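**Q** The following file, coords.cif, comprises mmCIF, C-alpha atoms:
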```
data_query
#
loop_
_atom_site.label_atom_id
_atom_site.label_comp_id
_atom_site.auth_asym_id
_atom_site.auth_seq_id
_atom_site.Cartn_x
_atom_site.Cartn_y
_atom_site.Cartn_z
CA MET W 7 71.23 -95.44 -3.54
CA GLY W 8 67.61 -95.65 -2.43
CA GLN W 9 66.20 -97.46 0.55
CA LYS W 10 64.60 -100.88 0.23
CA ILE W 11 61.00 -100.88 1.39
CA ASP W 12 60.88 -103.72 3.91
CA ASN W 13 58.27 -102.67 6.47
CA CYS W 14 55.40 -100.23 6.82
CA SER W 15 51.85 -100.12 8.12
CA GLY W 16 48.79 -97.99 7.57
CA PHE W 17 45.29 -97.94 6.12
CA MET W 18 43.69 -99.09 2.87
CA LYS W 19 40.38 -100.03 1.32
CA PHE W 20 40.12 -103.75 0.62
CA PHE W 21 36.91 -105.06 -0.96
CA ASP W 22 35.54 -101.53 -0.36
CA ILE W 23 36.01 -101.95 3.41
CA GLU W 24 38.22 -99.67 5.51
CA CYS W 25 41.12 -101.87 6.66
CA PHE W 26 44.49 -101.82 8.36
CA PHE W 27 47.58 -103.23 6.66
CA ALA W 28 51.00 -104.33 7.87
CA PHE W 29 53.76 -104.92 5.31
CA SER W 30 56.79 -106.86 6.56
CA LYS W 31 59.82 -108.87 5.41
CA GLY W 32 59.71 -107.08 2.09
CA TYR W 33 57.03 -109.40 0.68
CA LEU W 34 54.24 -110.14 3.21
CA LEU W 35 51.08 -108.00 3.32
CA GLU W 36 48.60 -108.68 6.15
CA ILE W 37 45.19 -107.01 6.07
CA THR W 38 42.67 -106.79 8.92
CA THR W 39 39.72 -104.57 9.79
CA SER W 40 37.98 -103.13 12.86
CA LYS W 41 35.83 -105.24 15.15
CA GLU W 42 32.69 -103.52 13.86
CA LYS W 43 33.39 -104.69 10.30
CA THR W 44 34.85 -108.11 11.03
CA GLU W 45 31.76 -110.04 9.91
CA GLU W 46 31.37 -108.00 6.73
CA PHE W 47 35.08 -108.53 6.00
CA LYS W 48 34.77 -112.27 6.62
CA THR W 49 31.77 -112.51 4.29
CA LYS W 50 33.52 -110.60 1.50
CA CYS W 51 36.61 -112.80 1.81
CA LYS W 52 34.55 -116.00 1.69
CA GLU W 53 32.67 -114.73 -1.34
CA ARG W 54 35.99 -114.06 -3.05
CA GLY W 55 37.35 -117.46 -2.05
CA ASN W 56 40.35 -117.29 -4.37
CA PHE W 57 42.73 -114.34 -3.93
CA ASP W 58 44.60 -114.79 -7.21
CA ALA W 59 44.96 -112.01 -9.82
CA LEU W 60 44.05 -109.08 -7.54
CA GLY W 61 46.65 -106.84 -9.19
CA TRP W 62 47.54 -103.57 -7.42
CA VAL W 63 46.09 -102.42 -4.11
CA TYR W 64 46.62 -98.96 -2.64
CA GLY W 65 46.91 -97.45 0.81
CA VAL W 66 48.41 -94.71 2.97
CA ASP W 67 51.00 -95.50 5.64
CA ASN W 68 51.13 -94.09 9.17
CA ARG W 69 53.33 -91.20 7.97
CA GLN W 70 50.79 -90.19 5.34
CA ASN W 71 52.89 -91.52 2.48
CA ASP W 72 51.12 -93.20 -0.41
CA VAL W 73 51.92 -96.85 -1.01
CA ALA W 74 50.95 -99.34 -3.72
CA PHE W 75 51.37 -103.13 -3.64
CA LEU W 76 51.44 -105.45 -6.65
CA LEU W 77 50.09 -108.76 -5.35
CA ALA W 78 51.50 -112.00 -6.74
CA GLU W 79 49.38 -113.54 -9.49
CA GLN W 80 48.97 -116.79 -7.53
CA GLN W 81 48.29 -116.55 -3.80
CA GLY W 82 47.17 -120.01 -2.78
CA PRO W 83 43.91 -121.21 -1.20
CA LEU W 84 44.46 -120.31 2.50
CA CYS W 85 44.96 -116.54 2.47
CA TYR W 86 42.14 -115.77 4.92
CA TYR W 87 42.53 -117.02 8.49
CA LYS W 88 40.80 -115.76 11.63
CA GLY W 89 40.06 -112.26 10.39
CA THR W 90 43.40 -111.70 8.60
CA VAL W 91 44.21 -111.89 4.91
CA SER W 92 47.88 -112.69 4.24
CA LEU W 93 49.13 -111.98 0.73
CA ILE W 94 52.45 -112.22 -1.12
CA VAL W 95 53.71 -109.01 -2.74
CA ASP W 96 55.70 -108.94 -6.00
CA ALA W 97 56.37 -105.19 -6.04
CA VAL W 98 55.75 -102.13 -3.91
CA ALA W 99 55.92 -98.40 -4.69
CA HIS W 100 56.19 -95.83 -1.91
CA THR W 101 56.18 -92.04 -1.92
CA ASN W 102 57.78 -89.65 0.54
CA ASN W 103 55.26 -86.86 0.80
CA THR W 104 57.50 -84.85 3.12
CA ILE W 105 59.94 -84.11 0.29
CA LEU W 106 57.80 -84.32 -2.86
CA LYS W 107 56.65 -80.98 -4.25
CA ASP W 108 53.29 -82.39 -5.27
CA ALA W 109 52.31 -84.57 -2.34
CA HIS W 110 50.06 -87.61 -2.57
CA LYS W 111 51.02 -89.07 -5.94
CA ASP W 112 48.31 -91.49 -7.01
CA LEU W 113 50.87 -94.22 -7.84
CA ARG W 114 48.82 -95.39 -10.79
CA GLY W 115 51.32 -94.36 -13.43
CA PHE W 116 54.80 -93.03 -14.11
CA SER W 117 56.60 -90.97 -16.74
CA ALA W 118 60.15 -92.26 -16.20
CA ILE W 119 61.88 -95.01 -14.25
CA ASP W 120 65.46 -95.21 -12.93
CA PHE W 121 67.67 -98.24 -12.27
CA SER W 122 70.98 -98.09 -10.41
CA GLY W 123 73.36 -100.53 -8.76
CA GLU W 124 76.63 -102.31 -9.42
CA PRO W 125 75.40 -104.06 -12.59
CA VAL W 126 74.72 -100.60 -14.06
CA ASN W 127 78.11 -99.31 -12.87
CA SER W 128 79.68 -102.31 -14.58
CA VAL W 129 78.50 -101.27 -18.05
CA PHE W 130 78.67 -97.48 -17.59
CA SER W 131 81.44 -96.50 -15.20
CA PRO W 132 80.44 -93.61 -12.91
CA LYS W 133 83.97 -92.23 -13.31
CA VAL W 134 83.05 -90.96 -16.76
CA ILE W 135 81.86 -87.91 -14.87
CA PHE W 136 85.51 -86.87 -14.52
CA GLY W 137 86.19 -86.91 -18.24
CA ASN W 138 89.18 -88.43 -20.01
CA ASP W 139 91.66 -86.11 -18.34
CA LYS W 140 90.56 -87.16 -14.82
CA ARG W 141 90.19 -83.59 -13.70
CA PHE W 142 91.99 -83.82 -10.38
CA ASN W 143 93.86 -80.90 -8.91
CA ARG W 144 95.25 -79.93 -5.54
CA THR W 145 92.24 -77.92 -4.48
CA GLY W 146 89.43 -80.30 -5.42
CA ILE W 147 87.79 -82.62 -7.91
CA GLU W 148 85.86 -81.28 -10.87
CA TRP W 149 83.27 -83.24 -12.80
CA LEU W 150 81.57 -82.77 -16.12
CA LEU W 151 78.02 -81.63 -16.70
CA PRO W 152 75.58 -84.39 -17.77
CA GLU W 153 75.38 -83.06 -21.32
CA ASP W 154 79.15 -83.55 -21.63
CA TYR W 155 79.33 -87.23 -20.61
CA ALA W 156 75.82 -88.76 -20.47
CA LYS W 157 74.48 -91.02 -23.23
CA SER W 158 70.90 -91.09 -24.55
CA PHE W 159 69.37 -93.28 -27.26
CA ASN W 160 65.95 -93.79 -28.81
CA THR W 161 64.52 -97.26 -28.18
CA GLU W 162 61.28 -99.04 -27.36
CA ILE W 163 59.77 -101.65 -25.06
CA GLN W 164 56.91 -103.76 -26.43
CA GLY W 165 56.23 -101.15 -29.09
CA LYS W 166 56.23 -98.24 -26.62
CA LYS W 167 58.81 -95.66 -27.62
CA CYS W 168 61.11 -94.23 -24.99
CA ILE W 169 64.55 -92.73 -24.44
CA ILE W 170 67.15 -94.78 -22.58
CA SER W 171 69.75 -92.62 -20.83
CA PHE W 172 72.94 -93.40 -18.92
CA ALA W 173 74.20 -90.83 -16.42
CA VAL W 174 75.62 -90.50 -12.91
CA ILE W 175 74.15 -89.62 -9.52
CA VAL W 176 76.56 -87.62 -7.33
CA ASP W 177 75.97 -88.09 -3.61
CA ARG W 178 77.39 -84.84 -2.24
CA SER W 179 78.04 -86.03 1.31
CA ASP W 180 80.95 -83.57 1.47
CA LEU W 181 78.33 -80.84 1.91
CA ASP W 182 76.78 -82.57 4.93
CA PRO W 183 78.45 -81.41 8.17
CA ASP W 184 77.21 -84.54 9.98
CA LYS W 185 79.13 -86.95 7.72
CA LEU W 186 82.82 -87.65 7.29
CA SER W 187 82.37 -89.33 3.91
CA LEU W 188 82.97 -87.34 0.73
CA GLY W 189 80.06 -89.16 -0.88
CA SER W 190 79.75 -91.65 -3.71
CA LEU W 191 79.12 -91.95 -7.44
CA ASN W 192 76.56 -94.29 -8.96
CA SER W 193 75.54 -94.67 -12.58
CA PHE W 194 71.88 -95.03 -13.48
CA ILE W 195 69.75 -96.09 -16.42
CA ARG W 196 66.68 -93.94 -17.03
CA LEU W 197 63.79 -94.94 -19.27
CA GLU W 198 61.63 -91.92 -20.11
CA PHE W 199 58.42 -92.32 -22.09
CA GLU W 200 56.53 -89.99 -24.37
CA GLU W 201 53.30 -90.73 -22.51
CA ARG W 202 52.50 -91.65 -18.91
CA GLN W 203 52.62 -95.42 -18.43
CA ASP W 204 50.39 -97.55 -16.24
CA ILE W 205 51.99 -98.58 -12.95
CA SER W 206 51.90 -102.25 -14.02
CA PHE W 207 54.45 -101.48 -16.78
CA ILE W 208 57.13 -101.26 -14.08
CA ILE W 209 57.66 -105.02 -14.34
CA ASN W 210 58.15 -104.87 -18.12
CA CYS W 211 60.74 -102.10 -17.69
CA TRP W 212 62.57 -104.04 -14.98
CA GLU W 213 62.66 -107.21 -17.09
CA SER W 214 63.88 -105.22 -20.09
CA VAL W 215 66.74 -103.61 -18.17
CA CYS W 216 67.71 -106.96 -16.61
CA SER W 217 67.84 -108.56 -20.07
CA PHE W 218 70.04 -105.76 -21.39
CA LEU W 219 72.40 -105.89 -18.40
CA SER W 220 72.56 -109.70 -18.50
CA PHE W 221 73.64 -109.56 -22.13
CA CYS W 222 76.26 -106.88 -21.41
CA VAL W 223 77.79 -108.54 -18.33
CA GLY W 224 77.46 -112.09 -19.65
CA GLY W 225 75.45 -113.52 -16.76
CA TYR W 226 71.95 -113.81 -15.31
CA ASN W 227 72.97 -112.75 -11.80
CA VAL W 228 71.65 -109.20 -12.15
CA THR W 229 69.70 -108.74 -8.91
CA ASP W 230 70.56 -105.73 -6.76
CA LEU W 231 68.95 -102.99 -8.86
CA ASP W 232 67.66 -99.96 -7.04
CA VAL W 233 64.47 -98.63 -8.65
CA GLY W 234 63.02 -95.12 -8.55
CA LEU W 235 59.97 -93.69 -10.34
CA TRP W 236 59.12 -90.26 -11.73
CA ASP W 237 55.56 -89.08 -12.31
CA GLU W 238 56.01 -85.64 -13.84
CA CYS W 239 54.26 -83.57 -16.48
CA GLN W 240 57.55 -82.13 -17.75
CA LYS W 241 60.52 -84.09 -19.09
CA VAL W 242 63.00 -85.39 -16.50
CA GLY W 243 65.90 -85.52 -18.95
CA LEU W 244 69.38 -86.13 -17.50
CA ILE W 245 68.84 -84.69 -14.03
CA GLY W 246 71.31 -86.43 -11.73
CA ILE W 247 69.06 -87.49 -8.90
CA ARG W 248 67.16 -90.71 -8.35
CA GLY W 249 63.42 -90.96 -8.99
CA PRO W 250 61.67 -89.73 -5.81
CA ILE W 251 59.12 -92.57 -5.71
CA CYS W 252 60.83 -95.62 -4.21
CA CYS W 253 60.07 -98.99 -5.75
CA ARG W 254 60.92 -102.53 -4.70
CA ILE W 255 60.63 -105.53 -7.02
CA ASN W 256 60.84 -108.95 -5.39
CA HIS W 257 62.72 -111.72 -7.16
CA GLU W 258 65.11 -114.56 -6.50
CA GLU W 259 68.34 -113.11 -5.11
CA VAL W 260 71.77 -114.56 -5.81
CA GLU W 261 75.24 -113.07 -5.52
CA SER W 262 75.00 -110.22 -7.96
CA VAL W 263 77.37 -108.63 -10.45
CA HIS W 264 80.12 -106.55 -8.84
CA PHE W 265 81.77 -103.52 -10.37
CA GLU W 266 85.23 -104.25 -11.77
CA HIS W 267 87.57 -101.54 -12.95
CA SER W 268 88.86 -103.40 -16.04
CA PRO W 269 85.82 -104.49 -18.10
CA TYR W 270 87.55 -107.12 -20.22
CA TYR W 271 84.56 -109.47 -20.36
CA ARG W 272 81.69 -106.99 -20.45
CA PHE W 273 80.11 -104.87 -23.17
CA GLN W 274 80.34 -101.20 -22.25
CA VAL W 275 77.82 -98.57 -23.31
CA CYS W 276 80.66 -96.51 -24.75
CA TYR W 277 81.71 -99.50 -26.91
CA LEU W 278 78.21 -100.13 -28.23
CA ASP W 279 77.48 -96.41 -28.61
CA GLU W 280 74.76 -95.80 -31.23
CA LYS W 281 73.83 -99.51 -31.28
CA VAL W 282 72.54 -99.37 -27.68
CA GLY W 283 69.00 -98.34 -28.59
CA ALA W 284 68.59 -101.05 -31.25
CA LEU W 285 70.20 -103.69 -29.00
CA PHE W 286 67.95 -102.81 -26.05
CA SER W 287 64.88 -103.05 -28.29
CA LEU W 288 65.99 -106.37 -29.82
CA LEU W 289 66.71 -108.02 -26.46
CA ASN W 290 63.13 -107.30 -25.40
CA ASP W 291 61.38 -108.17 -28.64
CA GLU W 292 59.29 -111.27 -27.89
CA LYS W 293 59.34 -112.39 -31.53
CA ASN W 294 62.99 -111.78 -32.39
CA LYS W 295 65.03 -111.69 -29.18
CA PRO W 296 67.98 -114.08 -28.91
CA VAL W 297 67.97 -116.99 -26.45
CA LEU W 298 70.46 -116.33 -23.64
CA LYS W 299 69.68 -119.20 -21.27
CA PHE W 300 73.19 -120.59 -21.64
CA LEU W 301 74.63 -117.61 -19.71
CA PRO W 302 75.84 -118.34 -16.15
CA LYS W 303 73.09 -118.13 -13.51
CA THR W 304 75.48 -117.21 -10.66
CA LYS W 305 79.10 -116.13 -10.21
CA THR W 306 80.08 -119.73 -9.47
CA ASP W 307 78.10 -121.26 -12.34
CA ILE W 308 81.12 -121.97 -14.53
CA ALA W 309 80.83 -125.72 -15.19
CA ILE W 310 79.82 -126.99 -18.63
CA ASP W 311 77.15 -129.68 -18.60
CA ARG W 312 74.66 -131.28 -20.99
CA ASN W 313 71.95 -128.73 -20.19
CA LYS W 314 74.16 -125.78 -21.05
CA ILE W 315 75.21 -127.36 -24.33
CA ARG W 316 71.54 -127.99 -25.12
CA GLU W 317 70.67 -124.35 -24.30
CA LEU W 318 73.52 -123.11 -26.48
CA CYS W 319 72.33 -125.31 -29.36
CA THR W 320 68.80 -123.98 -28.86
CA SER W 321 70.05 -120.41 -29.12
CA LEU W 322 71.89 -121.26 -32.36
CA GLU W 323 68.76 -122.88 -33.78
CA VAL W 324 66.72 -119.78 -32.93
CA GLU W 325 69.28 -117.56 -34.64
CA TYR W 326 69.21 -119.87 -37.63
CA ASP W 327 65.42 -119.61 -37.87
CA TYR W 328 65.69 -115.80 -37.76
CA ASN W 329 68.25 -115.74 -40.57
CA LYS W 330 67.56 -118.79 -42.74
CA ARG W 331 65.93 -116.69 -45.44
CA LYS W 332 69.06 -114.57 -45.72
CA PHE W 333 71.32 -117.62 -45.92
CA SER W 334 69.26 -120.16 -47.83
CA TYR W 335 71.14 -123.32 -48.74
CA ASN W 336 69.19 -126.22 -50.26
CA LYS W 337 71.86 -128.08 -52.23
CA LEU W 338 71.99 -130.81 -49.58
CA ASP W 339 68.27 -131.59 -49.62
CA ASN W 340 68.51 -134.43 -52.16
CA LEU W 341 71.44 -135.98 -50.33
CA VAL W 342 69.59 -135.82 -46.99
CA GLU W 343 66.50 -137.46 -48.47
CA SER W 344 68.67 -140.20 -50.01
CA LEU W 345 70.36 -140.87 -46.68
CA LYS W 346 66.97 -141.08 -44.96
CA GLY W 347 65.83 -143.62 -47.54
CA THR W 348 68.97 -145.69 -46.92
CA VAL W 349 68.31 -145.70 -43.16
CA LYS W 350 64.67 -146.75 -43.66
CA GLN W 351 65.70 -149.56 -45.98
CA TYR W 352 68.35 -150.76 -43.53
CA LYS W 353 65.79 -150.76 -40.70
CA LYS W 354 63.39 -152.84 -42.84
CA GLU W 355 66.08 -155.37 -43.72
CA HIS W 356 67.56 -155.64 -40.20
CA ILE W 357 64.49 -155.81 -37.96
CA GLY W 358 65.26 -155.43 -34.25
CA GLU W 359 68.99 -155.01 -34.81
CA ILE W 360 68.97 -151.34 -33.74
CA GLU W 361 66.58 -149.82 -31.18
CA ASP W 362 63.93 -147.32 -32.27
CA ASN W 363 65.42 -144.49 -30.19
CA GLU W 364 68.71 -144.93 -32.06
CA TYR W 365 66.89 -144.58 -35.38
CA SER W 366 65.16 -141.44 -34.05
CA TYR W 367 68.56 -140.02 -33.13
CA ILE W 368 69.91 -140.78 -36.63
CA PHE W 369 66.93 -139.13 -38.35
CA GLY W 370 67.27 -136.11 -36.06
CA SER W 371 70.94 -135.79 -36.98
CA LEU W 372 70.12 -135.96 -40.69
CA ASN W 373 67.49 -133.24 -40.30
CA HIS W 374 70.15 -130.90 -38.92
CA ILE W 375 72.68 -131.36 -41.71
CA SER W 376 71.31 -128.45 -43.73
CA CYS W 377 70.98 -126.35 -40.56
CA LEU W 378 74.61 -126.96 -39.58
CA LYS W 379 75.76 -126.13 -43.10
CA THR W 380 73.88 -122.83 -42.96
CA ILE W 381 75.35 -121.95 -39.56
CA GLY W 382 78.78 -122.71 -40.96
CA THR W 383 78.06 -120.38 -43.87
CA MET W 384 77.00 -117.65 -41.44
CA ASN W 385 80.13 -118.07 -39.33
CA HIS W 386 82.23 -117.83 -42.48
CA ILE W 387 80.51 -114.58 -43.46
CA LEU W 388 80.78 -113.10 -39.96
CA HIS W 389 84.49 -113.83 -39.78
#
```
For this file, write the structure as C-alpha cells.
**A**
Amino acid sequence: MGQKIDNCSGFMKFFDIECFFAFSKGYLLEITTSKEKTEEFKTKCKERGNFDALGWVYGVDNRQNDVAFLLAEQQGPLCYYKGTVSLIVDAVAHTNNTILKDAHKDLRGFSAIDFSGEPVNSVFSPKVIFGNDKRFNRTGIEWLLPEDYAKSFNTEIQGKKCIISFAVIVDRSDLDPDKLSLGSLNSFIRLEFEERQDISFIINCWESVCSFLSFCVGGYNVTDLDVGLWDECQKVGLIGIRGPICCRINHEEVESVHFEHSPYYRFQVCYLDEKVGALFSLLNDEKNKPVLKFLPKTKTDIAIDRNKIRELCTSLEVEYDYNKRKFSYNKLDNLVESLKGTVKQYKKEHIGEIEDNEYSYIFGSLNHISCLKTIGTMNHILH
C-alpha cells in the first residue's frame, strides 16, 4: 500500500512570483514569499480578491520531488491574511524522483491510474494469485503469473476508452532481511488509457471506481482507496506494482468496507466476468446510470426510513423512464383519465370537504398507476 501524502514543504510559483509553500494535515496549503517580494505578493492577491477556481498549482518539495495540488473549487473570501495565502486542497500528486527512472515528471497528465485497498480486495480476492488448487507445499508458496489469474476488460469513462484490469500486488517482505513479516497481498484496479489524460481526469477516474465498488459491495462507504499514477509512453499492462506517482484525494471519511472471506452479499469480478466492462461504463454514464442513493452510507446505516423509501422509489422511476419504450402499456390510460374526472367532479360538489394537498396526493397516485403496472410487467419478465 502507498503512503498518504500528509505533509511537505518546498517552492512554487504563485501568480508568477517565487514563493514558499507548506502543505499540512493532508488538506491545507499555505503560501508565502520572501520579504523582498511581500508587497508585490500582497498586490497580486488583492487584485485576485477571490481565490476560487484556481485549479492545479505545481511546485517542488525540499527533497526535489515534484508535487501538484488541486485546489478546492470554492475557497472562501478570507484566504489572504498578513502575507500568507491559505488554501484548501482536494487532491495532491507527488513523485519520488529518487526511485523514478525518468525524474521530474511534469504531473500534468497520466497514462494509467491504480486503486487498491480493502474495497478492491472485497470484490477481487488477492488469494486468486494462488489458483484454485491453493498451491501450498512444505517448501514454500507458489503463485500464478498475472496472465494466468488477472482479469482485463474494455470499458470507457465519459466516452474515453480504456482497459480496466484487476490483478494483485505482492509485497515481497520475505526478501527484506530487516523485516520479520513475509509480506502481504493486495488487489488493485488499473485503468489504462489509449492516450495520455489530463491530470484533472484523476477525479473522474476516482468517482468512477467508487461508483463501481459501491454497486458491487452494496454500500457508499468506499473511502480508503490508495491511488497511484503512471505516466509512461509504453503500456503498463498487468505489472504487479503500484503506480510510482503517489496521489491523495480528499473526501469525507467514514468506516470503510472491510475484506470478508465469504462474499455472500457482494458482487465479485469473477461472477460478473465479461459483463464488468459494460457495467463499469453504465455506472458512470451520466445519461443512463442507475440511481443508487438508497444504498447504506455507513456500516451502521441499516435502518429503513421515509427518505430511503423515497430514494428507492426514485431509482425505480429512473429505471422505468429508461425502459418504458421497451415495455409500453397504455391500456389503463382511459381508466386513469376517467378516475381523474371523477375526483374533479367530487371536489366541485364537495367544496372544502377535503384539503387541497389530499387532492394533490390522489392525483399523484393516479398518475403512477400506469407506471406501477409497467414495473410489475418488468418484474414478471425478469423473474
**Q** Work out how far apart atom CA of W:Gln203 and atom CA of W:Ala118 are and give it in Å to one decimal.
**A**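 Computing it gives 8.5 Å between the two atoms.
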**Q** Might you pull out every residue within 12 Å of W:Glu200, with only C-alpha atoms counted and same-chain residues fewer than 5 positions away left off, and present them as a PyMOL selection string?
**A** chain W and resi 116-118+160-162+166-170+238-243
**Q** Find the residues near stretch 125-132 of chain W: any atom within 8 Å, counting only C-alpha atoms, skip ones fewer than 4 places away on the same chain, and give them as a ChimeraX atom specification.
**A** /W:121,172-174,191-195,219,222-223,228,230-231,262-266,269,272-276
**Q** Between atom CA of W:Asp120 and atom CA of W:Asp232, measure the distance and give it in Å to one decimal.
**A** 7.9 Å
**Q** For a cutoff of 7 Å around the file-coordinate point (74.6, -87.1, -19.7), which residues qualify once you count all atoms listed in the file? I'd like the result as a list in words.
**A**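 Those within range, by chain then number, are Pro152, Glu153, Asp154, Tyr155, Ala156, Lys157, Phe172, Ala173 and Leu244 of chain W.
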**Q** Complete stretch 83-91 of chain W at the level of all heavy atoms, written as a PDB file, keeping the file's coordinate frame.
**A**
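rebuild24.pdb, freshly written:
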```
ATOM      1  N   PRO W  83      45.304-121.110  -1.653  1.00  0.00           N
ATOM      2  CA  PRO W  83      43.910-121.210  -1.200  1.00  0.00           C
ATOM      3  C   PRO W  83      43.652-120.777   0.249  1.00  0.00           C
ATOM      4  O   PRO W  83      42.511-120.676   0.660  1.00  0.00           O
ATOM      5  CB  PRO W  83      43.626-122.715  -1.350  1.00  0.00           C
ATOM      6  CG  PRO W  83      44.966-123.354  -1.090  1.00  0.00           C
ATOM      7  CD  PRO W  83      46.001-122.401  -1.615  1.00  0.00           C
ATOM      8  N   LEU W  84      44.670-120.546   1.053  1.00  0.00           N
ATOM      9  CA  LEU W  84      44.460-120.310   2.500  1.00  0.00           C
ATOM     10  C   LEU W  84      44.922-118.925   2.919  1.00  0.00           C
ATOM     11  O   LEU W  84      45.618-118.762   3.915  1.00  0.00           O
ATOM     12  CB  LEU W  84      45.219-121.388   3.294  1.00  0.00           C
ATOM     13  CG  LEU W  84      44.846-122.841   2.980  1.00  0.00           C
ATOM     14  CD1 LEU W  84      45.751-123.794   3.724  1.00  0.00           C
ATOM     15  CD2 LEU W  84      43.379-123.101   3.321  1.00  0.00           C
ATOM     16  N   CYS W  85      44.524-117.915   2.162  1.00  0.00           N
ATOM     17  CA  CYS W  85      44.960-116.540   2.470  1.00  0.00           C
ATOM     18  C   CYS W  85      44.200-115.945   3.660  1.00  0.00           C
ATOM     19  O   CYS W  85      44.753-115.135   4.403  1.00  0.00           O
ATOM     20  CB  CYS W  85      44.780-115.648   1.243  1.00  0.00           C
ATOM     21  SG  CYS W  85      45.815-116.131  -0.141  1.00  0.00           S
ATOM     22  N   TYR W  86      42.927-116.316   3.816  1.00  0.00           N
ATOM     23  CA  TYR W  86      42.140-115.770   4.920  1.00  0.00           C
ATOM     24  C   TYR W  86      42.155-116.732   6.106  1.00  0.00           C
ATOM     25  O   TYR W  86      41.885-117.928   5.967  1.00  0.00           O
ATOM     26  CB  TYR W  86      40.688-115.535   4.480  1.00  0.00           C
ATOM     27  CG  TYR W  86      39.814-115.023   5.597  1.00  0.00           C
ATOM     28  CD1 TYR W  86      39.798-113.680   5.938  1.00  0.00           C
ATOM     29  CD2 TYR W  86      39.005-115.897   6.328  1.00  0.00           C
ATOM     30  CE1 TYR W  86      39.007-113.212   6.981  1.00  0.00           C
ATOM     31  CE2 TYR W  86      38.215-115.447   7.362  1.00  0.00           C
ATOM     32  CZ  TYR W  86      38.221-114.104   7.689  1.00  0.00           C
ATOM     33  OH  TYR W  86      37.441-113.650   8.719  1.00  0.00           O
ATOM     34  N   TYR W  87      42.508-116.181   7.283  1.00  0.00           N
ATOM     35  CA  TYR W  87      42.530-117.020   8.490  1.00  0.00           C
ATOM     36  C   TYR W  87      42.273-116.154   9.711  1.00  0.00           C
ATOM     37  O   TYR W  87      43.026-115.218  10.012  1.00  0.00           O
ATOM     38  CB  TYR W  87      43.885-117.717   8.625  1.00  0.00           C
ATOM     39  CG  TYR W  87      43.977-118.647   9.819  1.00  0.00           C
ATOM     40  CD1 TYR W  87      43.282-119.849   9.845  1.00  0.00           C
ATOM     41  CD2 TYR W  87      44.763-118.304  10.927  1.00  0.00           C
ATOM     42  CE1 TYR W  87      43.358-120.705  10.931  1.00  0.00           C
ATOM     43  CE2 TYR W  87      44.854-119.150  12.025  1.00  0.00           C
ATOM     44  CZ  TYR W  87      44.148-120.356  12.024  1.00  0.00           C
ATOM     45  OH  TYR W  87      44.226-121.199  13.111  1.00  0.00           O
ATOM     46  N   LYS W  88      41.165-116.430  10.379  1.00  0.00           N
ATOM     47  CA  LYS W  88      40.800-115.760  11.630  1.00  0.00           C
ATOM     48  C   LYS W  88      40.869-114.235  11.526  1.00  0.00           C
ATOM     49  O   LYS W  88      41.504-113.557  12.329  1.00  0.00           O
ATOM     50  CB  LYS W  88      41.703-116.235  12.770  1.00  0.00           C
ATOM     51  CG  LYS W  88      41.458-117.685  13.157  1.00  0.00           C
ATOM     52  CD  LYS W  88      42.264-118.085  14.381  1.00  0.00           C
ATOM     53  CE  LYS W  88      41.951-119.512  14.813  1.00  0.00           C
ATOM     54  NZ  LYS W  88      42.701-119.922  16.015  1.00  0.00           N
ATOM     55  N   GLY W  89      40.201-113.715  10.509  1.00  0.00           N
ATOM     56  CA  GLY W  89      40.060-112.260  10.390  1.00  0.00           C
ATOM     57  C   GLY W  89      41.215-111.562   9.706  1.00  0.00           C
ATOM     58  O   GLY W  89      41.202-110.331   9.573  1.00  0.00           O
ATOM     59  N   THR W  90      42.234-112.302   9.253  1.00  0.00           N
ATOM     60  CA  THR W  90      43.400-111.700   8.600  1.00  0.00           C
ATOM     61  C   THR W  90      43.620-112.310   7.227  1.00  0.00           C
ATOM     62  O   THR W  90      43.579-113.520   7.065  1.00  0.00           O
ATOM     63  CB  THR W  90      44.671-111.897   9.450  1.00  0.00           C
ATOM     64  OG1 THR W  90      44.482-111.301  10.737  1.00  0.00           O
ATOM     65  CG2 THR W  90      45.880-111.256   8.776  1.00  0.00           C
ATOM     66  N   VAL W  91      43.838-111.443   6.254  1.00  0.00           N
ATOM     67  CA  VAL W  91      44.210-111.890   4.910  1.00  0.00           C
ATOM     68  C   VAL W  91      45.710-111.688   4.757  1.00  0.00           C
ATOM     69  O   VAL W  91      46.223-110.571   4.942  1.00  0.00           O
ATOM     70  CB  VAL W  91      43.450-111.105   3.825  1.00  0.00           C
ATOM     71  CG1 VAL W  91      43.985-111.463   2.439  1.00  0.00           C
ATOM     72  CG2 VAL W  91      41.961-111.394   3.900  1.00  0.00           C
TER      73      VAL W  91
END
```
